[in-house]
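Structure, as structure tokens:
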Amino acid sequence: MLARDIMHKRVLTVRPETTLSELIKQLSERGISGAPVVGPLGDLIGVVSQTDVVGNQHPHATVASVMTPWTVSFEEDTDIKEVARQMLAKKIHRVVITHEGRMCGIITSMDLLRAFAQEK
């Protein structure tokens with residue numbers, strides 16, 4: 001099974017200037033735990049998760065102040081077992097999926113669990 005087979009294609013992205021209160025609202029409404037952070041031209045500049053927000057007592061702070069300023073990405077034709085190996089090794093819960101270097105989806109650790117459960 002390949003990354004493209006399990007990735008989410010409709011990905012919430014946020015801008016670095018998004019306030020944490022707005023981020024929390026968006027994550028809660030969609031029932032997700034994180035999102036890629038993109039610049040003004042849609043360029044991927046980081047990732048932000050609920051873990052980044054937990055403990056921050058400043059609701060007007062911005063995503064830029066808590067985000068992880070790097071991402072792990074894989075091309076869409078990568079085998080999901082390789083994606084899982086790298087996520088475990090790097091202790092991360094979401095990765096960006098790309099097509100010819102441009103973001104086209106996202107995979108979370110829950111997506112991998114569901115995929116592996118279906119294979120059995």
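Chain lettering (A, B, ...) mirrors the order of the structure tokens, residue numbering begins at 1 for each chain separately, and ligand numbering begins at 1 in order of display.
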
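Backbone DSSP over range 25-102 of chain A gives alpha helix (DSSP H) for Lys25, Gln26, Leu27, Ser28, Glu29, Arg30, Gln50, Thr51, Asp52, Val53, Ile80, Lys81, Glu82, Val83, Ala84, Arg85, Gln86, Met87, Leu88, Ala89 and Lys90 of chain A.
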
Can you build me a table of range 1-49 of chain A residues sitting at most 9 Å from range 72-88 of chain A, with the closest atom pair per residue and its distance in Å to one decimal, using only C-alpha atoms, sorted by chain and residue number, as a tab-separated table?
```
residue	atom	partner	partner_atom	distance
A:Met1	CA	A:Asp79	CA	5.9
A:Leu2	CA	A:Asp79	CA	4.4
A:Ala3	CA	A:Glu76	CA	5.1
A:Arg4	CA	A:Glu76	CA	4.8
A:Asp5	CA	A:Glu76	CA	8.4
A:Ile6	CA	A:Ile80	CA	8.5
A:Met7	CA	A:Glu76	CA	8.4
```

Point-to-point distance in Å for CA of Ile107 in chain A and CA of Asp52 in chain A: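 Going from CA of Asp52 in chain A over to CA of Ile107 in chain A, I get 18.3 Å.
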
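Using only C-alpha atoms, the shortest contact distance between His93 in chain A and any of A:Leu112, A:Val38, A:Val14, A:Leu23 is found at A:Leu112.
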
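Distances here use only C-alpha atoms; by that measure, the residue among A:Ala115, A:Ala89, A:Val96, A:Val48 closest to Leu20 in chain A is A:Val48.
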
Can you pull out every residue from chain A that DSSP, working from the backbone, puts in strand (DSSP E or B), and format the result as a PyMOL selection string? chain A and resi 2+8+14+19+34-38+44-49+62+68+73-75+79+94-99+102-108

For the residues in that selection, give me C-alpha atoms as a short mmCIF file (atom, residue, chain, number, x, y, z; two decimals), in the first residue's frame.
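Dumped everything to result.cif:
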```cif
data_model
loop_
_atom_site.label_atom_id
_atom_site.label_comp_id
_atom_site.auth_asym_id
_atom_site.auth_seq_id
_atom_site.Cartn_x
_atom_site.Cartn_y
_atom_site.Cartn_z
CA LEU A 2 1.31 3.45 -0.90
CA HIS A 8 -5.97 12.87 3.44
CA VAL A 14 -2.74 27.52 8.60
CA THR A 19 -3.73 33.11 16.52
CA GLY A 34 -2.47 19.36 13.81
CA ALA A 35 -1.90 21.13 10.52
CA PRO A 36 0.85 22.15 8.11
CA VAL A 37 1.88 25.81 8.27
CA VAL A 38 2.23 27.58 4.94
CA LEU A 44 5.41 24.68 3.47
CA ILE A 45 7.25 26.25 6.42
CA GLY A 46 6.39 24.00 9.34
CA VAL A 47 3.77 22.05 11.22
CA VAL A 48 1.74 22.82 14.33
CA SER A 49 0.02 20.33 16.60
CA THR A 62 0.47 33.06 16.94
CA THR A 68 7.81 23.15 14.61
CA SER A 73 7.59 14.60 3.91
CA PHE A 74 7.34 11.66 1.54
CA GLU A 75 6.43 11.37 -2.12
CA ASP A 79 5.29 2.48 0.73
CA ARG A 94 1.99 13.37 11.02
CA VAL A 95 3.87 13.69 7.75
CA VAL A 96 3.26 15.66 4.61
CA ILE A 97 2.78 13.78 1.35
CA THR A 98 4.04 15.40 -1.84
CA HIS A 99 3.65 15.02 -5.59
CA ARG A 102 4.36 19.98 -3.77
CA MET A 103 2.10 19.10 -0.84
CA CYS A 104 -0.84 16.96 -1.90
CA GLY A 105 -1.85 15.30 1.36
CA ILE A 106 -1.08 14.32 4.92
CA ILE A 107 -0.81 11.05 6.82
CA THR A 108 -1.22 10.73 10.58
#
```

For CA of Lys90 in chain A and CA of Pro69 in chain A, quote the distance in Å rounded to one decimal.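 If I compute the distance from CA of Lys90 in chain A to CA of Pro69 in chain A, I get 14.9 Å.
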
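Between CA of Glu17 in chain A and CA of Ala64 in chain A there is a distance of 6.4 Å.
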